file query.cif (mmCIF, C-alpha atoms)
data_start
loop_
_atom_site.label_atom_id
_atom_site.label_comp_id
_atom_site.auth_asym_id
_atom_site.auth_seq_id
_atom_site.Cartn_x
_atom_site.Cartn_y
_atom_site.Cartn_z
CA MET A 6 6.09 32.62 -7.04
CA ALA A 7 8.89 30.52 -8.57
CA ASP A 8 7.79 27.39 -6.74
CA LYS A 9 4.27 27.40 -8.21
CA ARG A 10 3.52 24.62 -10.65
CA ASP A 11 2.67 25.50 -14.24
CA TYR A 12 -1.12 25.76 -14.61
CA TYR A 13 -1.20 23.83 -17.88
CA GLU A 14 0.83 21.03 -16.33
CA THR A 15 -1.47 21.01 -13.32
CA LEU A 16 -4.51 20.37 -15.51
CA GLY A 17 -2.63 18.02 -17.82
CA VAL A 18 -3.38 20.00 -21.01
CA SER A 19 -1.30 21.66 -23.72
CA ARG A 20 -0.79 25.41 -23.92
CA THR A 21 -3.06 25.47 -26.97
CA ALA A 22 -5.96 23.75 -25.17
CA THR A 23 -9.42 25.04 -26.05
CA ASP A 24 -11.96 26.21 -23.46
CA GLU A 25 -13.81 22.94 -23.87
CA GLU A 26 -10.63 20.92 -23.32
CA LEU A 27 -9.86 22.94 -20.19
CA LYS A 28 -13.36 22.36 -18.84
CA LYS A 29 -13.20 18.64 -19.59
CA ALA A 30 -9.82 18.30 -17.84
CA TYR A 31 -11.03 20.22 -14.80
CA ARG A 32 -14.23 18.16 -14.51
CA HIS A 33 -12.21 14.95 -14.60
CA LEU A 34 -9.71 16.11 -11.95
CA ALA A 35 -12.37 17.69 -9.72
CA ARG A 36 -14.27 14.44 -9.67
CA GLN A 37 -11.05 12.58 -8.81
CA TYR A 38 -9.74 14.84 -6.03
CA HIS A 39 -12.83 16.50 -4.52
CA PRO A 40 -12.31 16.62 -0.72
CA ASP A 41 -15.80 15.32 0.00
CA LEU A 42 -14.86 12.01 -1.62
CA HIS A 43 -11.67 11.73 0.47
CA PRO A 44 -12.47 13.29 3.88
CA ASP A 45 -9.45 11.67 5.57
CA ASP A 46 -6.87 12.54 2.93
CA PRO A 47 -5.51 16.11 3.23
CA THR A 48 -3.43 15.68 0.08
CA CYS A 49 -6.61 15.46 -2.00
CA GLU A 50 -7.81 18.79 -0.63
CA GLU A 51 -4.51 20.44 -1.53
CA LYS A 52 -4.64 18.91 -4.99
CA PHE A 53 -8.22 20.11 -5.43
CA LYS A 54 -7.21 23.65 -4.52
CA GLU A 55 -4.34 23.52 -7.01
CA ILE A 56 -6.41 22.36 -9.98
CA THR A 57 -9.23 24.80 -9.16
CA GLU A 58 -6.80 27.71 -9.06
CA ALA A 59 -5.32 26.64 -12.39
CA TYR A 60 -8.72 26.36 -14.06
CA GLU A 61 -9.96 29.67 -12.61
CA VAL A 62 -7.04 31.44 -14.32
CA LEU A 63 -6.96 29.58 -17.64
CA SER A 64 -10.74 29.71 -18.15
CA ASN A 65 -10.60 33.51 -17.98
CA SER A 66 -9.35 34.83 -21.34
CA GLU A 67 -7.83 38.01 -19.86
CA LYS A 68 -6.00 36.17 -17.07
CA ARG A 69 -4.85 33.47 -19.44
CA ASN A 70 -3.37 36.02 -21.83
CA ILE A 71 -1.40 37.67 -19.00
CA TYR A 72 -0.30 34.29 -17.64
CA ASP A 73 0.88 33.10 -21.06
CA GLN A 74 3.05 36.21 -21.43
CA TYR A 75 4.32 36.83 -17.91
CA GLY A 76 3.54 33.73 -15.85
CA HIS A 77 2.49 33.81 -12.19
CA ASP A 78 4.29 37.09 -11.50
CA GLY A 79 2.32 38.80 -14.25
CA LEU A 80 -0.98 37.87 -12.61
CA GLU A 81 0.12 39.13 -9.22
CA ASN A 82 1.51 42.39 -10.59
CA ASN A 83 -1.78 43.06 -12.37
CA GLY A 84 -3.87 42.25 -9.31
CA MET A 85 -5.36 39.24 -11.05
CA GLY A 86 -4.06 36.33 -9.02
CA ALA A 87 -6.17 33.33 -8.25
CA GLY A 88 -9.20 34.46 -6.27
CA ALA A 89 -9.68 37.78 -8.02
CA GLY A 90 -12.95 38.05 -9.90
CA GLY A 91 -16.00 35.80 -10.05
CA TYR A 92 -16.18 32.00 -10.10
CA SER A 93 -19.44 31.34 -11.90
CA ASP A 94 -17.96 28.81 -14.35
CA VAL A 95 -16.23 26.85 -11.58
CA SER A 96 -19.36 27.00 -9.48
CA GLU A 97 -21.46 25.60 -12.30
CA ILE A 98 -19.08 22.71 -12.90
CA LEU A 99 -18.99 21.75 -9.22
CA GLU A 100 -22.73 22.20 -9.00
CA SER A 101 -23.23 19.70 -11.82
CA LEU A 102 -20.80 17.23 -10.24
CA PHE A 103 -21.60 17.50 -6.54
CA GLY A 104 -24.61 19.77 -6.11
CA GLY A 105 -22.63 22.68 -4.67
CA MET A 106 -19.37 24.58 -4.52
CA GLY A 107 -17.87 21.98 -2.21
CA GLY A 108 -14.32 22.78 -1.11
CA PHE A 109 -13.73 25.71 -3.49
CA SER A 110 -14.41 28.47 -0.98
CA SER A 111 -11.80 27.10 1.42
CA MET A 112 -9.10 28.29 -0.98
CA PHE A 113 -9.89 31.87 0.02
CA GLY A 114 -10.22 31.52 3.77
CA GLY A 115 -13.78 30.24 4.04
CA GLY A 116 -14.67 26.98 5.73
CA ARG A 117 -15.12 24.03 3.39
CA ALA A 118 -18.81 23.35 2.90
CA SER A 119 -18.74 19.57 2.84
CA ASN A 120 -21.70 18.04 1.07
CA PRO A 121 -23.11 15.31 3.33
CA ASN A 122 -24.89 13.77 0.35
CA ALA A 123 -21.75 13.39 -1.73
CA PRO A 124 -20.58 9.79 -2.27
CA ARG A 125 -18.08 8.76 0.40
CA GLN A 126 -15.84 5.76 0.37
CA GLY A 127 -16.15 3.48 3.38
CA ARG A 128 -13.30 3.27 5.85
CA ASP A 129 -10.52 0.75 5.37
CA ILE A 130 -10.13 -2.09 7.84
CA GLN A 131 -6.87 -3.60 9.04
CA THR A 132 -6.37 -7.05 10.51
CA SER A 133 -3.64 -9.70 10.61
CA VAL A 134 -3.05 -13.43 10.24
CA THR A 135 -0.21 -15.68 11.36
CA ILE A 136 0.79 -18.65 9.22
CA ASP A 137 3.51 -21.30 9.24
CA PHE A 138 6.65 -21.09 7.14
CA MET A 139 5.58 -23.90 4.80
CA GLU A 140 2.14 -22.34 4.37
CA ALA A 141 3.84 -19.16 3.22
CA CYS A 142 5.90 -21.14 0.71
CA ASN A 143 2.98 -23.12 -0.67
CA GLY A 144 0.09 -20.67 -0.21
CA LYS A 145 -3.26 -21.37 1.43
CA SER A 146 -6.81 -20.18 1.87
CA GLN A 147 -7.75 -19.03 5.35
CA THR A 148 -11.02 -17.78 6.79
CA ILE A 149 -10.73 -14.78 9.09
CA GLN A 150 -13.28 -13.00 11.24
CA ILE A 151 -13.69 -9.24 11.02
CA GLN A 152 -16.13 -6.55 12.13
CA ARG A 153 -17.25 -4.15 9.42
CA MET A 154 -19.97 -1.62 8.71
CA GLU A 155 -22.71 -2.89 6.44
CA GLN A 156 -25.99 -1.45 5.23
CA CYS A 157 -28.87 -1.95 7.64
CA ASN A 158 -31.28 -4.48 6.14
CA ASP A 159 -34.26 -3.26 8.15
CA CYS A 160 -34.24 0.26 6.68
CA ARG A 161 -32.29 -0.55 3.49
CA GLY A 162 -29.70 2.03 4.47
CA THR A 163 -32.11 4.96 4.71
CA GLY A 164 -31.99 5.25 8.51
CA SER A 165 -35.78 5.43 8.56
CA ALA A 166 -37.95 2.70 10.06
CA GLY A 167 -39.36 0.48 7.32
CA GLY A 168 -37.31 2.25 4.68
CA SER A 169 -39.80 5.05 4.33
CA GLY A 170 -40.96 8.14 6.17
CA LEU A 171 -38.30 10.54 4.86
CA GLU A 172 -39.43 14.11 4.31
CA ILE A 173 -37.86 16.62 1.97
CA CYS A 174 -36.32 19.40 4.02
CA PRO A 175 -38.38 22.54 3.43
CA ASP A 176 -35.44 24.90 4.02
CA CYS A 177 -33.05 23.50 1.38
CA GLN A 178 -35.63 21.77 -0.80
CA GLY A 179 -33.77 18.51 -0.49
CA ARG A 180 -30.39 19.81 -1.69
CA GLY A 181 -28.76 19.63 1.73
CA THR A 182 -27.02 22.96 1.28
CA VAL A 183 -27.98 26.60 1.39
CA LYS A 184 -26.07 29.29 -0.48
CA SER A 185 -24.93 32.74 0.41
CA THR A 186 -23.15 35.32 -1.77
CA GLN A 187 -20.74 37.92 -0.42
CA ARG A 188 -19.00 40.84 -2.04
CA THR A 189 -15.33 40.86 -1.04
CA PRO A 190 -12.23 42.76 -2.17
CA PHE A 191 -11.62 39.76 -4.46
CA GLY A 192 -15.04 39.95 -6.08
CA MET A 193 -18.30 38.11 -5.53
CA ILE A 194 -17.80 34.81 -3.74
CA SER A 195 -20.57 32.25 -3.56
CA GLN A 196 -20.40 29.83 -0.66
CA SER A 197 -22.41 26.77 0.24
CA LYS A 198 -22.93 25.43 3.72
CA ALA A 199 -24.82 22.54 5.20
CA CYS A 200 -28.48 23.22 5.83
CA PRO A 201 -28.81 23.73 9.59
CA ARG A 202 -32.27 22.19 9.68
CA CYS A 203 -31.49 18.79 8.14
CA GLY A 204 -27.76 18.76 8.88
CA GLY A 205 -27.00 18.71 5.17
CA LYS A 206 -28.90 15.49 4.45
CA GLY A 207 -31.63 17.13 2.40
CA LYS A 208 -34.19 14.92 4.12
CA ILE A 209 -35.57 14.65 7.59
CA ILE A 210 -36.08 11.27 9.25
CA LYS A 211 -39.44 11.24 10.98
CA ASN A 212 -39.15 7.75 12.48
CA PRO A 213 -35.54 6.53 12.93
CA CYS A 214 -34.82 2.83 12.45
CA SER A 215 -34.61 1.11 15.83
CA LYS A 216 -31.95 -1.34 14.63
CA CYS A 217 -29.36 1.13 13.35
CA LYS A 218 -30.59 4.19 15.32
CA GLY A 219 -31.08 6.13 12.12
CA LEU A 220 -27.51 5.71 10.82
CA GLY A 221 -28.43 3.36 7.98
CA ARG A 222 -25.39 1.19 8.76
CA LEU A 223 -24.43 -1.40 11.37
CA ARG A 224 -21.17 -2.96 12.45
CA VAL A 225 -21.56 -6.70 12.02
CA PRO A 226 -19.29 -9.77 12.25
CA LYS A 227 -18.20 -11.17 8.90
CA SER A 228 -16.26 -14.24 7.75
CA ILE A 229 -13.86 -13.50 4.90
CA THR A 230 -11.85 -16.08 2.97
CA VAL A 231 -8.35 -14.84 2.28
CA ASN A 232 -6.34 -16.45 -0.50
CA ILE A 233 -2.74 -16.22 0.64
CA PRO A 234 -0.47 -16.61 -2.40
CA ALA A 235 2.49 -18.95 -2.44
CA GLY A 236 5.71 -17.03 -1.78
CA ILE A 237 4.32 -14.38 0.54
CA ASP A 238 6.88 -13.14 3.03
CA ASP A 239 6.73 -12.11 6.65
CA GLY A 240 5.50 -8.53 7.10
CA GLN A 241 3.76 -8.25 3.73
CA THR A 242 0.18 -7.03 3.45
CA LEU A 243 -2.69 -8.32 1.33
CA ASN A 244 -5.23 -5.85 -0.07
CA LEU A 245 -8.78 -7.12 -0.42
CA ALA A 246 -10.48 -4.39 -2.41
CA GLY A 247 -14.05 -3.56 -1.41
CA GLN A 248 -14.04 -5.72 1.73
CA GLY A 249 -13.91 -2.79 4.16
CA ASP A 250 -16.76 -0.68 5.54
CA VAL A 251 -19.67 0.01 3.21
CA GLY A 252 -19.62 3.42 1.53
CA THR A 253 -22.28 6.05 2.06
CA ASN A 254 -24.44 7.87 -0.47
CA GLY A 255 -23.50 5.37 -3.13
CA GLY A 256 -19.77 5.65 -2.48
CA PRO A 257 -17.50 2.61 -2.88
CA ASN A 258 -16.67 0.27 -0.04
CA GLY A 259 -13.39 0.60 1.79
CA ASN A 260 -10.64 -2.00 1.54
CA LEU A 261 -9.50 -4.74 3.89
CA TYR A 262 -5.75 -4.87 4.58
CA VAL A 263 -4.46 -8.14 6.02
CA GLY A 264 -0.97 -8.09 7.50
CA VAL A 265 0.80 -11.46 7.29
CA THR A 266 3.13 -12.79 9.96
CA VAL A 267 5.14 -15.91 9.11
CA ARG A 268 6.43 -18.14 11.89
CA PRO A 269 10.17 -18.84 11.58
CA HIS A 270 11.32 -22.31 10.50
CA THR A 271 13.70 -24.43 12.55
CA LEU A 272 15.79 -25.41 9.53
CA TYR A 273 15.45 -22.78 6.80
CA LYS A 274 16.27 -19.10 6.69
CA ARG A 275 14.77 -16.99 3.93
CA GLU A 276 16.25 -14.05 2.08
CA GLY A 277 13.95 -12.78 -0.63
CA TYR A 278 12.97 -15.89 -2.57
CA ASP A 279 16.14 -17.86 -1.72
CA LEU A 280 16.41 -20.37 1.12
CA TYR A 281 19.47 -21.14 3.25
CA CYS A 282 20.20 -24.11 5.48
CA ASP A 283 23.19 -25.74 7.20
CA ILE A 284 23.79 -29.50 7.06
CA PRO A 285 26.30 -31.45 9.19
CA ILE A 286 28.47 -34.09 7.53
CA THR A 287 30.84 -36.62 9.06
CA TYR A 288 34.60 -36.51 8.90
CA ALA A 289 34.59 -39.56 6.62
CA GLN A 290 32.04 -38.01 4.27
CA ALA A 291 34.12 -34.86 4.02
CA VAL A 292 37.31 -36.82 3.30
CA LEU A 293 35.97 -39.48 0.96
CA GLY A 294 32.95 -37.73 -0.52
CA ASP A 295 29.46 -39.12 -0.32
CA GLU A 296 25.86 -38.80 -1.45
CA ILE A 297 24.01 -36.86 1.23
CA VAL A 298 20.29 -36.25 1.76
CA VAL A 299 19.23 -32.60 1.53
CA PRO A 300 15.78 -31.50 2.75
CA THR A 301 13.90 -29.02 0.52
CA ILE A 302 10.41 -27.54 0.76
CA ASP A 303 9.40 -30.04 -1.96
CA GLY A 304 10.85 -33.05 -0.12
CA ASN A 305 14.25 -34.67 0.28
CA VAL A 306 16.74 -34.76 -2.58
CA LYS A 307 20.16 -36.41 -2.93
CA TYR A 308 23.33 -34.46 -3.59
CA ARG A 309 26.87 -35.79 -4.03
CA ILE A 310 29.66 -33.94 -2.30
CA GLY A 311 33.21 -34.40 -3.55
CA GLU A 312 36.30 -35.73 -1.82
CA GLY A 313 37.99 -33.27 0.50
CA THR A 314 34.91 -31.12 1.08
CA GLN A 315 35.76 -28.38 3.56
CA THR A 316 33.66 -26.92 6.37
CA GLY A 317 31.72 -23.93 5.10
CA THR A 318 31.44 -25.16 1.52
CA VAL A 319 28.19 -23.87 -0.04
CA PHE A 320 26.39 -25.46 -2.93
CA ARG A 321 23.24 -24.33 -4.73
CA LEU A 322 20.09 -26.18 -5.69
CA ARG A 323 18.57 -24.21 -8.54
CA GLY A 324 14.83 -23.64 -8.44
CA LYS A 325 14.41 -25.15 -4.98
CA GLY A 326 13.66 -21.87 -3.28
CA VAL A 327 10.38 -19.99 -2.78
CA LYS A 328 7.94 -19.32 -5.60
CA ARG A 329 7.63 -15.76 -6.79
CA PRO A 330 3.97 -14.66 -6.45
CA ASN A 331 2.10 -14.50 -9.75
CA ARG A 332 5.16 -15.71 -11.65
CA ASN A 333 6.30 -19.14 -12.77
CA GLU A 334 9.72 -18.67 -11.19
CA ARG A 335 11.38 -19.76 -7.98
CA GLY A 336 14.42 -18.80 -6.01
CA ASP A 337 17.30 -21.15 -5.19
CA GLN A 338 18.30 -23.09 -2.11
CA TYR A 339 21.80 -22.65 -0.71
CA VAL A 340 23.21 -25.43 1.46
CA LYS A 341 26.29 -24.95 3.64
CA VAL A 342 27.98 -28.04 5.02
CA PHE A 343 30.02 -28.21 8.18
CA ILE A 344 32.08 -31.09 9.47
CA GLU A 345 31.00 -32.44 12.81
CA VAL A 346 34.08 -33.57 14.72
CA PRO A 347 33.36 -36.86 16.53
CA LYS A 348 33.38 -36.87 20.32
CA GLY A 349 33.67 -39.60 22.96
CA LEU A 350 36.05 -41.83 20.99
CA ASN A 351 37.27 -45.05 22.61
CA LYS A 352 40.92 -46.10 22.76
CA GLN A 353 40.84 -48.14 19.57
CA GLN A 354 39.18 -45.31 17.60
CA LYS A 355 41.74 -42.83 18.84
CA GLU A 356 44.58 -45.15 17.79
CA LEU A 357 43.08 -45.47 14.32
CA ILE A 358 42.84 -41.70 14.00
CA SER A 359 46.46 -41.37 15.14
CA GLN A 360 47.59 -43.95 12.59
CA LEU A 361 45.72 -42.10 9.85
CA GLU A 362 47.25 -38.80 10.86
CA ALA A 363 50.74 -40.30 10.93
CA SER A 364 50.28 -41.61 7.41
CA LEU A 365 49.34 -38.21 5.98
CA GLU A 366 51.81 -35.79 4.43
CA SER A 367 51.88 -32.02 4.25
CA LYS A 368 50.51 -32.15 0.71
CA ASN A 369 47.30 -33.62 2.12
CA TYR A 370 46.76 -30.32 3.98
CA SER A 371 47.14 -27.66 1.32
CA LYS A 372 45.64 -24.86 3.39
CA ARG A 373 47.69 -25.72 6.47
CA GLU A 374 50.88 -25.89 4.40
CA SER A 375 50.10 -22.54 2.79
CA PHE A 376 49.45 -20.98 6.19
CA PHE A 377 52.80 -22.03 7.62
CA ASP A 378 54.65 -20.94 4.48
CA LYS A 379 53.16 -17.47 4.93
CA LEU A 380 54.04 -17.52 8.62
CA LYS A 381 57.68 -18.35 7.81
CA GLU A 382 57.87 -15.45 5.37
CA LEU A 383 56.40 -13.15 7.99
CA ILE A 384 58.94 -14.20 10.61
CA LYS A 385 61.80 -13.93 8.12
CA GLY A 386 60.72 -10.44 7.13
CA SER A 387 60.68 -9.26 10.75
CA ASP A 388 64.28 -10.35 11.42
#
call {"tool": "encode", "arguments": {"input": "query.cif", "output": "structure tokens"}}
result
Amino acid sequence: MADKRDYYETLGVSRTATDEELKKAYRHLARQYHPDLHPDDPTCEEKFKEITEAYEVLSNSEKRNIYDQYGHDGLENNGMGAGAGGYSDVSEILESLFGGMGGFSSMFGGGRASNPNAPRQGRDIQTSVTIDFMEACNGKSQTIQIQRMEQCNDCRGTGSAGGSGLEICPDCQGRGTVKSTQRTPFGMISQSKACPRCGGKGKIIKNPCSKCKGLGRLRVPKSITVNIPAGIDDGQTLNLAGQGDVGTNGGPNGNLYVGVTVRPHTLYKREGYDLYCDIPITYAQAVLGDEIVVPTIDGNVKYRIGEGTQTGTVFRLRGKGVKRPNRNERGDQYVKVFIEVPKGLNKQQKELISQLEASLESKNYSKRESFFDKLKELIKGSD
């Protein structure tokens, strides 16, 4: 029992909460986590069981008194754990919210009596788009084609031809569920199940709509405009709320999730919101320094490199990276230069290079001089 969560914490109330505060908290959580509203999410069903168990104990004055003194173990030792006794208060709350006990009976081994008339959120839809690197940096609007469930216009979502012709089910009187009460070792348990005659709908369709075959919904093609924000990265997903399948029984629409693939760029590499690129410079530029042209996603800029620039030197252009979505900030651009050694020299060019080399001293090559000094020390130390 040590791993059970505190009942007061489960309902989000203080230990001095009144009966009315307990009921209000349970109503709010039951409406949020009821399994009928989330048929594809098993975590909601577990959460619903947990809050129902907590309320069943705390709404009973005798059980609450034992729980306050001895905790979960006290309830079990007194034969008053969750499930013992009646559930009239819980049943009434769920009845007012959903028209039936819903998933409560499943906590004690019974099958969950799903209410077909409860509001259900439509299914989510997933699709993808592929954009260029510069489009990801600058953002764009793109129209995509999807297939989604929408309400049938012919029957206005009723499933009945002409939007009429629905009959109240005589067995359940339109409620969609029928109740049965059983006496068990745990007390009287009231269960609801779908009406076998109408399948839990509460109404019987006399003349099904020929367009949607009585479903009330159709899968149709749809054009959706997606606003892709500047700065989006490869592999990210956009969430378009309410653009998925239409909900049923007044439930909300599902969402549309758009996965974004960004084509790689031939020049830039991206890490987060920073950009990296390599630029070749000539031997003369490296030796003498020069003003070089650097491409950025905003256009070319000029940057002066100093005399004696070495291969692998990296400099930063602040604010020339990718924009951060929904923020007025940008990353930086890092540029690494490398010296391109000339090839295919003619005789005169080679002689000029040789003359230049002959005129240089060891001090002109600080790294080379340092390397050989270290090498001499190494050799001396090994003697």
call {"tool": "atom_distance", "arguments": {"input": "query.cif", "atom1": "CA of Glu67 in chain A", "atom2": "CA of Glu51 in chain A"}}
result
25.6 Å
call {"tool": "closest_residue", "arguments": {"input": "query.cif", "among": "A:Gln241, A:Ser228, A:Ser66, A:Thr163", "to": "Lys206 in chain A", "atoms": "all atoms listed in the file"}}
result
A:Thr163
call {"tool": "closest_residue", "arguments": {"input": "query.cif", "among": "A:Lys341, A:Arg335, A:Lys372, A:Lys218", "to": "Lys274 in chain A", "atoms": "only C-alpha atoms"}}
result
A:Lys341
call {"tool": "residues_around", "arguments": {"input": "query.cif", "residues": "range 15-22 of chain A", "least_positions_apart": "4", "cutoff": "9 Å", "atoms": "only C-alpha atoms", "output": "mmCIF file with C-alpha atoms, keeping the file's coordinate frame"}}
result
data_model
loop_
_atom_site.group_PDB
_atom_site.id
_atom_site.type_symbol
_atom_site.label_atom_id
_atom_site.label_comp_id
_atom_site.auth_asym_id
_atom_site.auth_seq_id
_atom_site.Cartn_x
_atom_site.Cartn_y
_atom_site.Cartn_z
ATOM 1 C CA ARG A 10 3.520 24.620 -10.650
ATOM 2 C CA ASP A 11 2.670 25.500 -14.240
ATOM 3 C CA GLU A 26 -10.630 20.920 -23.320
ATOM 4 C CA LEU A 27 -9.860 22.940 -20.190
ATOM 5 C CA ALA A 30 -9.820 18.300 -17.840
ATOM 6 C CA TYR A 31 -11.030 20.220 -14.800
ATOM 7 C CA LEU A 34 -9.710 16.110 -11.950
ATOM 8 C CA GLU A 55 -4.340 23.520 -7.010
ATOM 9 C CA ILE A 56 -6.410 22.360 -9.980
ATOM 10 C CA ALA A 59 -5.320 26.640 -12.390
ATOM 11 C CA TYR A 60 -8.720 26.360 -14.060
ATOM 12 C CA ASP A 73 0.880 33.100 -21.060
#
call {"tool": "closest_residue", "arguments": {"input": "query.cif", "among": "A:Val292, A:Val299, A:Val134, A:Cys214", "to": "Gly240 in chain A", "atoms": "only C-alpha atoms"}}
result
A:Val134
call {"tool": "residues_around", "arguments": {"input": "query.cif", "residues": "Gly313 in chain A", "least_positions_apart": "6", "cutoff": "7 Å", "atoms": "all atoms listed in the file", "output": "ChimeraX atom specification"}}
result
/A:291-294
call {"tool": "resolve_selection", "arguments": {"input": "query.cif", "expression": "the PyMOL selection byres ((chain A and resi 203) around 12)", "output": "list in words"}}
result
Pro121, Asn122, Leu171, Glu172, Ile173, Cys174, Pro175, Asp176, Cys177, Gln178, Gly179, Arg180, Gly181, Thr182, Val183, Lys198, Ala199, Cys200, Pro201, Arg202, Gly204, Gly205, Lys206, Gly207, Lys208, Ile209, Ile210 and Lys211 of chain A
call {"tool": "closest_residue", "arguments": {"input": "query.cif", "among": "A:Asp129, A:Glu312, A:Asp295, A:Glu140", "to": "Gly247 in chain A", "atoms": "only C-alpha atoms"}}
result
A:Asp129
call {"tool": "atom_distance", "arguments": {"input": "query.cif", "atom1": "CA of His270 in chain A", "atom2": "CA of Asn305 in chain A"}}
result
16.3 Å
call {"tool": "resolve_selection", "arguments": {"input": "query.cif", "expression": "the PyMOL selection byres ((chain A and resi 230) around 9)", "output": "NGL selection string"}}
result
:A and (146-150 or 228-229 or 231-232)
call {"tool": "closest_residue", "arguments": {"input": "query.cif", "among": "A:Tyr281, A:Glu155, A:Arg128, A:Asp303", "to": "Lys328 in chain A", "atoms": "only C-alpha atoms"}}
result
A:Asp303
call {"tool": "atom_distance", "arguments": {"input": "query.cif", "atom1": "CA of Ser64 in chain A", "atom2": "CA of Lys28 in chain A"}}
result
7.8 Å
call {"tool": "resolve_selection", "arguments": {"input": "query.cif", "expression": "the PyMOL selection byres ((chain A and resi 52) around 10)", "output": "PyMOL selection string"}}
result
chain A and resi 15+34-35+37-40+47-51+53-58
call {"tool": "closest_residue", "arguments": {"input": "query.cif", "among": "A:Gly249, A:Gly236, A:Gly259, A:Pro226", "to": "Phe138 in chain A", "atoms": "only C-alpha atoms"}}
result
A:Gly236
